[in-house]
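Q: Below is the file my_file02.txt, with compact mmCIF, C-alpha atoms.
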# COMPACT_ATOMS: atom_id res chain seq x y z
CA MET A 858 -46.27 -3.44 17.57
CA ASP A 859 -45.34 0.21 17.48
CA ALA A 860 -46.13 2.69 20.22
CA ILE A 861 -49.02 4.35 18.36
CA GLU A 862 -50.85 1.04 17.98
CA LYS A 863 -50.43 0.57 21.72
CA GLY A 864 -52.03 3.95 22.31
CA ILE A 865 -48.78 5.29 23.74
CA HIS A 866 -47.49 8.72 22.83
CA ILE A 867 -44.05 9.71 24.09
CA SER A 868 -41.95 12.75 23.37
CA GLU A 869 -38.96 12.62 21.05
CA GLU A 870 -36.82 13.44 24.10
CA LEU A 871 -38.03 10.40 26.04
CA GLU A 872 -37.83 8.18 22.97
CA GLU A 873 -34.15 9.06 22.52
CA ILE A 874 -33.46 8.56 26.24
CA LEU A 875 -35.07 5.11 26.15
CA TYR A 876 -33.24 4.25 22.91
CA TYR A 877 -29.90 4.81 24.63
CA GLY A 878 -31.19 2.74 27.53
CA THR A 879 -31.65 -0.22 25.16
CA LEU A 880 -27.93 -0.09 24.30
CA ALA A 881 -27.01 -1.32 27.79
CA PRO A 882 -25.33 -4.74 28.17
CA SER A 883 -27.19 -7.81 29.41
CA SER A 884 -26.35 -11.49 29.88
CA HIS A 885 -26.84 -13.40 26.60
CA ASN A 886 -28.11 -10.06 25.22
CA ALA A 887 -31.47 -11.13 26.65
CA GLN A 888 -32.50 -7.51 27.41
CA MET A 889 -34.55 -8.41 30.49
CA TRP A 890 -36.16 -4.98 30.84
CA LYS A 891 -39.54 -3.42 30.16
CA ILE A 892 -40.76 0.15 30.58
CA ARG A 893 -44.11 1.36 31.85
CA ILE A 894 -45.01 4.97 31.06
CA ILE A 895 -46.59 6.52 34.17
CA SER A 896 -46.69 10.14 32.99
CA PRO A 897 -44.77 12.36 30.54
CA ASP A 898 -41.97 12.74 33.11
CA THR A 899 -42.16 9.44 35.02
CA ILE A 900 -41.52 5.84 34.01
CA GLU A 901 -41.19 2.51 35.76
CA VAL A 902 -38.53 -0.07 34.97
CA LEU A 903 -39.85 -3.64 35.05
CA LEU A 904 -38.18 -7.04 35.05
CA ASP A 905 -39.24 -9.05 32.00
CA LYS A 906 -39.41 -12.45 33.67
CA GLY A 907 -39.63 -14.23 30.33
CA ARG A 908 -36.09 -13.05 29.55
CA THR A 909 -34.27 -14.14 32.70
CA LEU A 910 -31.70 -16.96 32.67
CA SER A 911 -32.68 -19.57 35.23
CA GLU A 912 -29.71 -21.87 34.60
CA VAL A 913 -26.72 -19.52 34.73
CA ASP A 914 -28.43 -16.81 36.79
CA PRO A 915 -30.92 -18.60 39.08
CA ASP A 916 -30.98 -15.79 41.66
CA ASN A 917 -31.48 -13.02 39.05
CA ARG A 918 -28.21 -11.49 40.26
CA GLU A 919 -27.01 -10.70 36.76
CA ALA A 920 -30.52 -9.63 35.73
CA MET A 921 -30.46 -6.93 38.43
CA ILE A 922 -26.98 -5.84 37.28
CA SER A 923 -28.24 -5.64 33.68
CA LEU A 924 -31.21 -3.52 34.80
CA GLY A 925 -28.80 -1.25 36.66
CA ALA A 926 -26.74 -0.75 33.48
CA PHE A 927 -29.99 -0.02 31.61
CA MET A 928 -30.92 2.65 34.17
CA GLU A 929 -27.43 4.18 34.08
CA ASN A 930 -27.74 4.62 30.31
CA ILE A 931 -31.13 6.27 30.81
CA SER A 932 -29.64 8.54 33.46
CA GLN A 933 -26.71 9.51 31.22
CA ALA A 934 -28.93 10.07 28.16
CA ALA A 935 -31.29 12.26 30.19
CA ARG A 936 -28.40 14.67 30.80
CA ILE A 937 -28.19 15.30 27.06
CA HIS A 938 -31.63 16.90 27.30
CA GLY A 939 -30.94 18.88 30.47
CA LEU A 940 -32.79 16.37 32.65
CA LYS A 941 -31.87 14.67 35.89
CA ALA A 942 -33.11 11.10 36.33
CA GLU A 943 -34.18 10.53 39.94
CA ILE A 944 -34.24 6.77 40.55
CA PHE A 945 -36.33 5.19 43.31
CA ILE A 946 -35.83 1.45 43.86
CA LEU A 947 -39.13 -0.41 44.28
CA ALA A 948 -37.99 -4.03 44.30
CA ALA A 949 -37.61 -5.83 47.62
CA SER A 950 -36.63 -9.05 45.86
CA SER A 951 -34.69 -9.84 42.70
CA PHE A 952 -37.81 -11.65 41.47
CA ASP A 953 -40.18 -8.67 41.77
CA GLU A 954 -41.57 -7.29 38.52
CA ARG A 955 -41.56 -3.62 39.47
CA ILE A 956 -37.89 -2.70 39.86
CA ALA A 957 -37.62 1.08 39.96
CA ARG A 958 -39.41 4.33 39.25
CA ILE A 959 -37.56 7.09 37.37
CA HIS A 960 -38.71 10.70 37.51
CA PHE A 961 -37.16 13.24 35.15
CA GLN A 962 -36.78 16.83 36.24
CA LYS A 963 -35.12 19.83 34.65
CA THR A 964 -31.54 20.56 35.66
CA VAL A 965 -28.51 22.44 34.35
CA GLU A 966 -27.98 21.75 30.65
CA ILE A 967 -24.68 20.28 29.56
CA SER A 968 -22.70 21.69 26.64
CA LEU A 969 -23.28 20.51 23.08
CA GLU A 970 -19.74 19.08 23.06
CA GLU A 971 -20.36 17.05 26.21
CA GLY A 972 -23.70 15.90 24.85
CA GLU A 973 -22.12 14.64 21.64
CA MET A 974 -19.41 12.85 23.61
CA LEU A 975 -22.09 11.14 25.68
CA ARG A 976 -23.97 10.06 22.55
CA ARG A 977 -20.72 8.74 21.07
CA ASN A 978 -19.77 6.70 24.13
CA LEU A 979 -23.28 5.32 24.62
CA SER A 980 -23.43 4.31 20.95
CA LEU A 981 -19.94 2.78 20.70
CA ARG A 982 -19.90 0.83 23.98
CA ASP A 983 -19.96 -2.85 23.09
CA THR A 984 -18.72 -6.28 24.15
CA LEU A 985 -15.60 -7.30 22.23
CA ARG A 986 -15.03 -11.05 22.14
CA SER A 987 -11.89 -10.97 20.01
CA ALA A 988 -8.36 -11.56 21.32
CA PHE A 989 -6.81 -8.35 22.69
CA LYS A 990 -3.23 -7.19 22.57
CA LYS A 991 -1.17 -8.95 25.22
CA GLU A 992 0.18 -5.80 26.86
CA PRO A 993 -0.47 -4.22 30.28
CA LEU A 994 -3.06 -1.52 30.73
CA ARG A 995 -1.37 1.85 31.03
CA ASP A 996 -1.21 3.20 34.59
CA GLU A 997 -3.34 6.22 33.73
CA HIS A 998 -6.05 3.96 32.27
CA VAL A 999 -6.07 1.73 35.34
CA SER A 1000 -6.38 4.80 37.59
CA SER A 1001 -9.21 6.24 35.48
CA LEU A 1002 -11.18 3.01 35.48
CA LEU A 1003 -10.77 2.26 39.18
CA GLY A 1004 -11.55 5.89 39.95
CA LYS A 1005 -15.00 5.65 38.36
CA ILE A 1006 -16.16 3.36 41.19
CA PRO A 1007 -13.66 3.78 44.05
CA GLY A 1008 -13.15 0.70 46.20
CA LYS A 1009 -15.44 -1.48 44.08
CA ALA A 1010 -13.21 -2.27 41.09
CA HIS A 1011 -10.05 -4.38 41.41
CA TYR A 1012 -7.54 -4.85 38.58
CA TYR A 1013 -5.34 -7.93 38.20
CA PRO A 1014 -2.75 -7.91 35.38
CA LEU A 1015 -2.56 -11.11 33.35
CA ASP A 1016 1.02 -11.75 34.48
CA SER A 1017 0.22 -11.43 38.20
CA ARG A 1018 -0.46 -14.35 40.54
CA GLU A 1019 -4.11 -13.36 40.73
CA GLY A 1020 -4.26 -12.89 36.97
CA GLU A 1021 -2.99 -16.43 36.42
CA TYR A 1022 -5.61 -17.78 38.85
CA LEU A 1023 -8.38 -15.88 37.05
CA MET A 1024 -7.18 -16.96 33.61
CA GLN A 1025 -7.08 -20.64 34.53
CA GLY A 1026 -10.35 -20.42 36.47
CA LEU A 1027 -12.07 -18.72 33.56
CA ILE A 1028 -11.14 -21.54 31.19
CA ALA A 1029 -12.08 -24.27 33.67
CA SER A 1030 -15.42 -22.67 34.69
CA ASN A 1031 -16.41 -22.24 31.04
CA GLU A 1032 -15.61 -25.90 30.45
CA ARG A 1033 -17.73 -26.84 33.48
CA GLN A 1034 -20.64 -24.70 32.26
CA ALA A 1035 -20.37 -26.12 28.73
CA GLU A 1036 -20.72 -29.62 30.20
CA ARG A 1037 -24.08 -28.74 31.78
CA ASP A 1038 -26.81 -29.68 29.31
CA ASN A 1039 -29.38 -27.32 30.84
CA ALA A 1040 -26.99 -24.38 30.60
CA GLN A 1041 -26.27 -25.24 26.96
CA LYS A 1042 -30.00 -25.53 26.20
CA GLU A 1043 -30.52 -22.09 27.73
CA LEU A 1044 -27.66 -20.67 25.66
CA SER A 1045 -29.06 -22.26 22.50
CA ARG A 1046 -32.32 -20.36 22.97
CA TRP A 1047 -30.42 -17.07 22.75
CA ILE A 1048 -28.10 -17.76 19.81
CA ARG A 1049 -29.33 -16.26 16.55
CA PHE A 1050 -27.49 -18.12 13.80
CA SER A 1051 -29.95 -16.89 11.16
CA GLY A 1052 -29.81 -13.25 10.13
CA GLU A 1053 -33.57 -13.26 9.62
CA GLU A 1054 -34.14 -14.47 13.18
CA ALA A 1055 -31.72 -11.86 14.56
CA VAL A 1056 -33.62 -9.07 12.79
CA ARG A 1057 -36.99 -10.44 13.88
CA THR A 1058 -36.12 -10.83 17.58
CA GLY A 1059 -33.69 -7.92 18.00
CA ASP A 1060 -31.87 -9.79 20.76
CA GLY A 1061 -29.55 -12.73 21.46
CA ILE A 1062 -26.06 -13.57 20.25
CA THR A 1063 -25.30 -13.49 16.53
CA PRO A 1064 -22.26 -14.84 14.62
CA GLU A 1065 -21.04 -11.23 14.31
CA MET A 1066 -21.17 -10.86 18.09
CA MET A 1067 -19.10 -14.04 18.38
CA GLY A 1068 -16.41 -12.30 16.37
CA LEU A 1069 -16.93 -14.40 13.23
CA LYS A 1070 -16.20 -12.81 9.86
CA GLY A 1071 -16.14 -13.66 6.18
CA ILE A 1072 -16.56 -17.31 5.20
CA SER A 1073 -16.71 -18.46 8.83
CA ARG A 1074 -19.67 -16.20 9.54
CA TRP A 1075 -21.39 -17.29 6.31
CA PHE A 1076 -20.90 -20.98 7.08
CA VAL A 1077 -22.19 -20.68 10.66
CA SER A 1078 -25.19 -18.59 9.56
CA HIS A 1079 -26.23 -21.12 6.92
CA PHE A 1080 -25.41 -24.49 8.48
CA PHE A 1081 -25.57 -24.10 12.28
CA THR A 1082 -28.83 -24.50 14.20
CA ASN A 1083 -29.85 -24.38 17.84
CA GLU A 1084 -29.29 -28.14 17.98
CA THR A 1085 -25.66 -27.54 17.00
CA VAL A 1086 -25.07 -25.88 20.38
CA MET A 1087 -25.70 -29.20 22.12
CA LYS A 1088 -23.03 -31.09 20.17
CA ASP A 1089 -19.68 -31.93 21.74
CA SER A 1090 -17.85 -30.27 18.85
CA PHE A 1091 -19.57 -26.93 19.56
CA ARG A 1092 -18.83 -27.17 23.29
CA LYS A 1093 -15.16 -27.94 22.64
CA ARG A 1094 -14.93 -25.08 20.16
CA THR A 1095 -16.45 -22.76 22.76
CA VAL A 1096 -13.86 -23.72 25.39
CA ALA A 1097 -11.03 -23.35 22.85
CA THR A 1098 -12.28 -19.85 22.02
CA VAL A 1099 -12.47 -18.95 25.71
CA ARG A 1100 -8.89 -20.17 26.20
CA LYS A 1101 -7.69 -17.89 23.40
CA GLN A 1102 -9.63 -14.95 24.88
CA ALA A 1103 -8.38 -15.57 28.43
CA GLU A 1104 -4.76 -15.89 27.35
CA ASN A 1105 -4.82 -12.75 25.18
CA CYS A 1106 -5.70 -9.67 27.18
CA SER A 1107 -4.18 -7.15 29.59
CA GLY A 1108 -5.82 -8.65 32.63
CA PHE A 1109 -9.09 -8.79 34.55
CA LEU A 1110 -11.32 -6.45 36.52
CA ILE A 1111 -13.42 -7.78 39.39
CA LEU A 1112 -16.33 -5.61 40.49
CA THR A 1113 -17.70 -6.00 44.02
CA SER A 1114 -20.74 -4.93 46.00
CA PRO A 1115 -21.48 -5.01 49.75
CA ALA A 1116 -24.56 -7.25 49.43
CA ASN A 1117 -26.80 -9.25 47.09
CA ASP A 1118 -30.02 -7.28 47.63
CA PRO A 1119 -31.67 -5.62 44.58
CA SER A 1120 -30.47 -2.12 45.49
CA SER A 1121 -26.82 -3.23 45.79
CA LEU A 1122 -26.95 -5.20 42.54
CA ILE A 1123 -28.63 -2.37 40.64
CA ASP A 1124 -25.97 0.01 41.96
CA GLN A 1125 -23.34 -2.46 40.72
CA GLY A 1126 -24.90 -2.43 37.26
CA MET A 1127 -24.88 1.36 37.17
CA GLU A 1128 -21.25 1.36 38.30
CA LEU A 1129 -20.37 -1.23 35.66
CA GLU A 1130 -21.82 0.96 32.94
CA ARG A 1131 -20.07 4.12 34.16
CA LEU A 1132 -16.75 2.24 34.12
CA TRP A 1133 -17.51 0.77 30.68
CA LEU A 1134 -18.40 4.14 29.16
CA LYS A 1135 -15.10 5.53 30.46
CA ALA A 1136 -13.26 2.54 28.97
CA THR A 1137 -14.96 3.18 25.62
CA GLU A 1138 -13.83 6.80 25.71
CA MET A 1139 -10.22 5.69 26.34
CA GLY A 1140 -10.17 2.92 23.72
CA VAL A 1141 -10.07 0.08 26.28
CA ALA A 1142 -12.09 -3.02 25.37
CA ILE A 1143 -14.22 -4.88 27.91
CA HIS A 1144 -15.64 -8.40 27.75
CA PRO A 1145 -17.77 -9.62 30.70
CA MET A 1146 -16.86 -13.23 31.49
CA SER A 1147 -18.39 -14.10 34.85
CA GLN A 1148 -18.54 -17.90 34.66
CA MET A 1149 -16.23 -18.12 37.72
CA ILE A 1150 -18.94 -16.30 39.68
CA GLU A 1151 -21.63 -18.60 38.26
CA GLU A 1152 -20.02 -22.04 38.68
CA GLU A 1153 -18.70 -24.04 41.63
CA PRO A 1154 -16.17 -24.32 43.18
CA TRP A 1155 -14.96 -20.94 41.92
CA LYS A 1156 -18.02 -18.94 43.03
CA SER A 1157 -17.42 -20.08 46.62
CA GLU A 1158 -13.66 -19.52 46.67
CA ILE A 1159 -12.96 -16.46 44.54
CA LYS A 1160 -13.58 -13.91 47.32
CA GLU A 1161 -11.05 -15.60 49.61
CA LYS A 1162 -8.55 -16.34 46.83
CA LEU A 1163 -8.42 -12.65 45.86
CA ARG A 1164 -8.65 -11.45 49.48
CA LEU A 1165 -11.65 -9.29 48.67
CA LYS A 1166 -13.61 -7.55 51.42
CA ALA A 1167 -16.87 -7.42 49.47
CA LEU A 1168 -18.82 -9.80 47.22
CA PRO A 1169 -17.51 -10.33 43.66
CA GLN A 1170 -20.32 -9.72 41.18
CA MET A 1171 -18.70 -9.22 37.76
CA MET A 1172 -15.50 -10.39 36.09
CA LEU A 1173 -14.35 -8.40 33.07
CA ARG A 1174 -11.62 -9.29 30.58
CA VAL A 1175 -9.93 -6.03 29.57
CA GLY A 1176 -7.31 -4.95 27.07
CA TYR A 1177 -6.44 -3.06 23.93
CA PRO A 1178 -7.96 -4.28 20.65
CA ASP A 1179 -6.45 -3.54 17.27
CA LYS A 1180 -9.34 -1.08 16.99
CA LEU A 1181 -12.73 -0.52 18.56
CA PRO A 1182 -15.13 -1.66 15.81
CA ASN A 1183 -18.69 -0.46 15.38
CA PRO A 1184 -21.11 -2.34 17.67
CA VAL A 1185 -22.84 -5.37 16.16
CA SER A 1186 -25.23 -6.29 19.00
CA ARG A 1187 -28.90 -6.40 18.10
CA ARG A 1188 -31.45 -4.44 20.14
CA ARG A 1189 -35.22 -4.41 20.34
CA SER A 1190 -37.01 -1.20 19.43
CA VAL A 1191 -38.20 1.23 22.08
CA SER A 1192 -41.85 0.41 21.36
CA ALA A 1193 -41.17 -3.33 21.75
CA MET A 1194 -40.12 -2.93 25.38
CA ILE A 1195 -43.01 -0.66 26.46
CA ASP A 1196 -45.49 -2.36 28.74
CA VAL A 1197 -49.08 -1.12 28.71
CA GLN A 1198 -50.45 -0.80 32.23
CA ASP A 1199 -54.08 -1.33 33.14
CA LYS A 1200 -55.97 1.79 34.10
CA GLY A 1201 -55.06 2.87 37.60
CA GLU A 1202 -52.11 0.47 37.92
CA GLY A 1203 -48.83 1.89 39.19
CA LYS A 1204 -50.39 4.96 40.83
Can you present the structure in this file as structure tokens?

A:
Amino acid sequence: MDAIEKGIHISEELEEILYYGTLAPSSHNAQMWKIRIISPDTIEVLLDKGRTLSEVDPDNREAMISLGAFMENISQAARIHGLKAEIFILAASSFDERIARIHFQKTVEISLEEGEMLRRNLSLRDTLRSAFKKEPLRDEHVSSLLGKIPGKAHYYPLDSREGEYLMQGLIASNERQAERDNAQKELSRWIRFSGEEAVRTGDGITPEMMGLKGISRWFVSHFFTNETVMKDSFRKRTVATVRKQAENCSGFLILTSPANDPSSLIDQGMELERLWLKATEMGVAIHPMSQMIEEEPWKSEIKEKLRLKALPQMMLRVGYPDKLPNPVSRRRSVSAMIDVQDKGEGK
């Protein structure tokens, strides 16, 4: 249903800002966000509880991180229009519906060149699931990435002791998760083998997002179904793919936060997106692979194994691809994520 049918009228400025918000990453590309329009310069960000992942994210930890990335994109896109996004966290729990209120106010306008660079980075940022070049990240790229969120990002080269631990743990934790029927059933609900379904829903994981091309993509699109995900052959193929991904990269980034409350997790999501946008600008590929933080025993041991002082929240596979391709992730329209409030609600 488009915005006009909902009785909602938003400016072209706000529509563009929200569009760039939709380009944020989310687990399983579930896009667990909604927007409530409070006034022409104020919106509320809501948790869409029907899009959360109870099996792999039972505490809504990753949902809060996804919402933080969504709000960071909104904040960055607002700058293009000479606006500052003031964010006020409303959620006391990761299960609350009302997450944050964003008020836009006029500020110093950025240059056209900076605005175009922002649009470019927001548009090109994507998850790359292909194998990367097996070469170290350049020192200047490591410094730039870690510098975006000082003290909260930790880099482990693939050939380091920690890198070996993370590589092996990543493969083993994916295998453990693939063995869990409930986790596979949840995954199956978000895989869009059919192109028609992908267009209709505007979300989920498509064959293109899996890195499939040519005849392989055609075969999967025409002959795979959601039931296929439950078969042993699909699970084994998934683990084999993860092994290839884990063994072919520069290394891993671990992002940490001081606590697991909504504010800390939302901050982590905003920090993740700032780091990712910088990586996009530099030609560094990022692939979130946080199964070690989702599955036991790794989720209980990883902090101690890496001698971290704060809580690990995200694990990112990083490296140099042959090229950064155009994004293939599906997104819902702006009007599809707008929630219509009852009269007087949210005041």

Q: Skip stretch 873-886 of chain A itself and residues of its chain fewer than 6 positions away, then list as a list in words all residues within 8 Å of it, counting only C-alpha atoms.

A: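 Returned residues: Glu919, Ala920, Ser923, Leu924, Ala926, Phe927, Met928, Glu929, Asn930, Ile931, Ala934, Ala935, Leu979, Ser980, Asp983, Thr984, Leu1044, Trp1047, Asp1060, Gly1061, Ile1062, Glu1130, Ser1186, Arg1188, Arg1189, Ser1190 and Val1191 of chain A.
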
Q: Would you list the contacts of A:Asp1196 as a list of chain:residue names, taking every protein, DNA or RNA residue within 8 Å and counting only C-alpha atoms, but skipping same-chain residues closer than 5 positions in sequence?

A: A:Lys891, A:Ile892, A:Arg893, A:Ile894

Q: Could you please determine the separation between atom CA of A:Ala1142 and atom CA of A:Gly1108 in Å, to one decimal place?

A: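 Answer for the atom CA of A:Ala1142 to atom CA of A:Gly1108 separation: 11.1 Å.
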
Q: Kindly indicate which residue among A:Ala1103, A:Thr1082, A:Asn1039, A:Arg918 lies nearest to A:Ser950, using all atoms listed in the file for the distances.

A: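 That would be A:Arg918, the residue with the smallest distance to A:Ser950.
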
Q: Enter the distance from atom CA of A:Arg1057 to atom CA of A:Ser1078, in Å, rounded to one decimal.

A: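 Going from atom CA of A:Arg1057 over to atom CA of A:Ser1078, I get 15.0 Å.
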
Q: Return the single residue from A:Gly1052, A:Gly1140, A:Gly1126, A:Pro1182 that is closest to A:Phe1081, with distances computed using only C-alpha atoms.

A: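 The answer is A:Gly1052, which sits nearest to A:Phe1081.
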
Q: Within 12 Å of (-1.8, -14.8, 32.9) (coordinates as in the file), grab all the protein and nucleic acid residues, counting only C-alpha atoms, and write them out as a short mmCIF file (atom, residue, chain, number, x, y, z; two decimals) with C-alpha atoms, in the frame of the given file.

A:
data_model
loop_
_atom_site.label_atom_id
_atom_site.label_comp_id
_atom_site.auth_asym_id
_atom_site.auth_seq_id
_atom_site.Cartn_x
_atom_site.Cartn_y
_atom_site.Cartn_z
CA LYS A 991 -1.17 -8.95 25.22
CA GLU A 992 0.18 -5.80 26.86
CA PRO A 993 -0.47 -4.22 30.28
CA TYR A 1013 -5.34 -7.93 38.20
CA PRO A 1014 -2.75 -7.91 35.38
CA LEU A 1015 -2.56 -11.11 33.35
CA ASP A 1016 1.02 -11.75 34.48
CA SER A 1017 0.22 -11.43 38.20
CA ARG A 1018 -0.46 -14.35 40.54
CA GLU A 1019 -4.11 -13.36 40.73
CA GLY A 1020 -4.26 -12.89 36.97
CA GLU A 1021 -2.99 -16.43 36.42
CA TYR A 1022 -5.61 -17.78 38.85
CA LEU A 1023 -8.38 -15.88 37.05
CA MET A 1024 -7.18 -16.96 33.61
CA GLN A 1025 -7.08 -20.64 34.53
CA GLY A 1026 -10.35 -20.42 36.47
CA LEU A 1027 -12.07 -18.72 33.56
CA ILE A 1028 -11.14 -21.54 31.19
CA ARG A 1100 -8.89 -20.17 26.20
CA LYS A 1101 -7.69 -17.89 23.40
CA GLN A 1102 -9.63 -14.95 24.88
CA ALA A 1103 -8.38 -15.57 28.43
CA GLU A 1104 -4.76 -15.89 27.35
CA ASN A 1105 -4.82 -12.75 25.18
CA CYS A 1106 -5.70 -9.67 27.18
CA SER A 1107 -4.18 -7.15 29.59
CA GLY A 1108 -5.82 -8.65 32.63
CA PHE A 1109 -9.09 -8.79 34.55
CA ARG A 1174 -11.62 -9.29 30.58
#

Q: Pick the closest to A:Thr1063 from A:Pro1184, A:Pro1007, A:Gly939, A:Pro1169: which is it, counting all atoms listed in the file?

A: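 The shortest atom-to-atom distance to A:Thr1063 comes from A:Pro1184.
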
Q: When you draw a straight line from atom CA of A:Tyr1177 to atom CA of A:His998, how long is it in Å?

A: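 A separation of 10.9 Å between them.
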
Q: Of the candidates A:Ala942, A:Leu985, A:Met1127, A:Met1087, which one gets nearest to A:Glu1065 if we count all atoms listed in the file?

A: A:Leu985

Q: List the neighbours of A:Asp1038 out to 12 Å using only C-alpha atoms; skip same-chain residues closer than 6 positions along the sequence, and give me the result as a PyMOL selection string.

A: chain A and resi 912-913+1032+1044-1045+1084+1086-1089+1092

Q: Which is closest to A:Leu910 among A:Glu1153, A:Asp996, A:Glu1043, A:Glu966, if we use only C-alpha atoms?

A: A:Glu1043

Q: So, counting only C-alpha atoms, which residue among A:Ile1123, A:Asp905, A:Trp1155, A:Tyr1012 is closest to A:Gly1176?

A: A:Tyr1012

Q: What residues have an atom no more than 6 Å from (-37.9, 2.2, 43.1) in the file's own frame, counting all atoms listed in the file, and can you write them as an NGL selection string?

A: :A and (945-947 or 956-958)

Q: With the input short on atoms, add N, CA, C and O atoms back to stretch 960-972 of chain A and write it as an mmCIF file, keeping the file's coordinate frame.

A:
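Heads up, here's the output in out05.cif:
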data_model
loop_
_atom_site.group_PDB
_atom_site.id
_atom_site.type_symbol
_atom_site.label_atom_id
_atom_site.label_comp_id
_atom_site.auth_asym_id
_atom_site.auth_seq_id
_atom_site.Cartn_x
_atom_site.Cartn_y
_atom_site.Cartn_z
ATOM 1 N N HIS A 960 -38.054 9.408 37.742
ATOM 2 C CA HIS A 960 -38.710 10.700 37.510
ATOM 3 C C HIS A 960 -37.693 11.651 36.908
ATOM 4 O O HIS A 960 -36.574 11.782 37.412
ATOM 5 N N PHE A 961 -38.058 12.301 35.827
ATOM 6 C CA PHE A 961 -37.160 13.240 35.150
ATOM 7 C C PHE A 961 -37.536 14.667 35.538
ATOM 8 O O PHE A 961 -38.712 15.041 35.483
ATOM 9 N N GLN A 962 -36.540 15.419 35.952
ATOM 10 C CA GLN A 962 -36.780 16.830 36.240
ATOM 11 C C GLN A 962 -35.684 17.689 35.618
ATOM 12 O O GLN A 962 -34.563 17.239 35.406
ATOM 13 N N LYS A 963 -36.047 18.917 35.309
ATOM 14 C CA LYS A 963 -35.120 19.830 34.650
ATOM 15 C C LYS A 963 -33.936 20.129 35.554
ATOM 16 O O LYS A 963 -34.078 20.276 36.766
ATOM 17 N N THR A 964 -32.747 20.210 34.931
ATOM 18 C CA THR A 964 -31.540 20.560 35.660
ATOM 19 C C THR A 964 -30.659 21.387 34.748
ATOM 20 O O THR A 964 -31.080 21.814 33.675
ATOM 21 N N VAL A 965 -29.427 21.629 35.156
ATOM 22 C CA VAL A 965 -28.510 22.440 34.350
ATOM 23 C C VAL A 965 -28.174 21.693 33.060
ATOM 24 O O VAL A 965 -27.835 20.507 33.078
ATOM 25 N N GLU A 966 -28.283 22.381 31.937
ATOM 26 C CA GLU A 966 -27.980 21.750 30.650
ATOM 27 C C GLU A 966 -26.483 21.611 30.465
ATOM 28 O O GLU A 966 -25.704 22.482 30.849
ATOM 29 N N ILE A 967 -26.087 20.480 29.873
ATOM 30 C CA ILE A 967 -24.680 20.280 29.560
ATOM 31 C C ILE A 967 -24.368 20.907 28.206
ATOM 32 O O ILE A 967 -25.271 21.229 27.434
ATOM 33 N N SER A 968 -23.090 21.075 27.910
ATOM 34 C CA SER A 968 -22.700 21.690 26.640
ATOM 35 C C SER A 968 -22.973 20.750 25.478
ATOM 36 O O SER A 968 -23.099 19.529 25.656
ATOM 37 N N LEU A 969 -23.072 21.313 24.272
ATOM 38 C CA LEU A 969 -23.280 20.510 23.080
ATOM 39 C C LEU A 969 -22.142 19.508 22.899
ATOM 40 O O LEU A 969 -22.354 18.353 22.509
ATOM 41 N N GLU A 970 -20.911 19.953 23.201
ATOM 42 C CA GLU A 970 -19.740 19.080 23.060
ATOM 43 C C GLU A 970 -19.838 17.884 24.002
ATOM 44 O O GLU A 970 -19.574 16.741 23.603
ATOM 45 N N GLU A 971 -20.235 18.140 25.252
ATOM 46 C CA GLU A 971 -20.360 17.050 26.210
ATOM 47 C C GLU A 971 -21.499 16.114 25.819
ATOM 48 O O GLU A 971 -21.400 14.894 25.961
ATOM 49 N N GLY A 972 -22.572 16.708 25.292
ATOM 50 C CA GLY A 972 -23.700 15.900 24.850
ATOM 51 C C GLY A 972 -23.327 14.963 23.711
ATOM 52 O O GLY A 972 -23.724 13.795 23.693
#
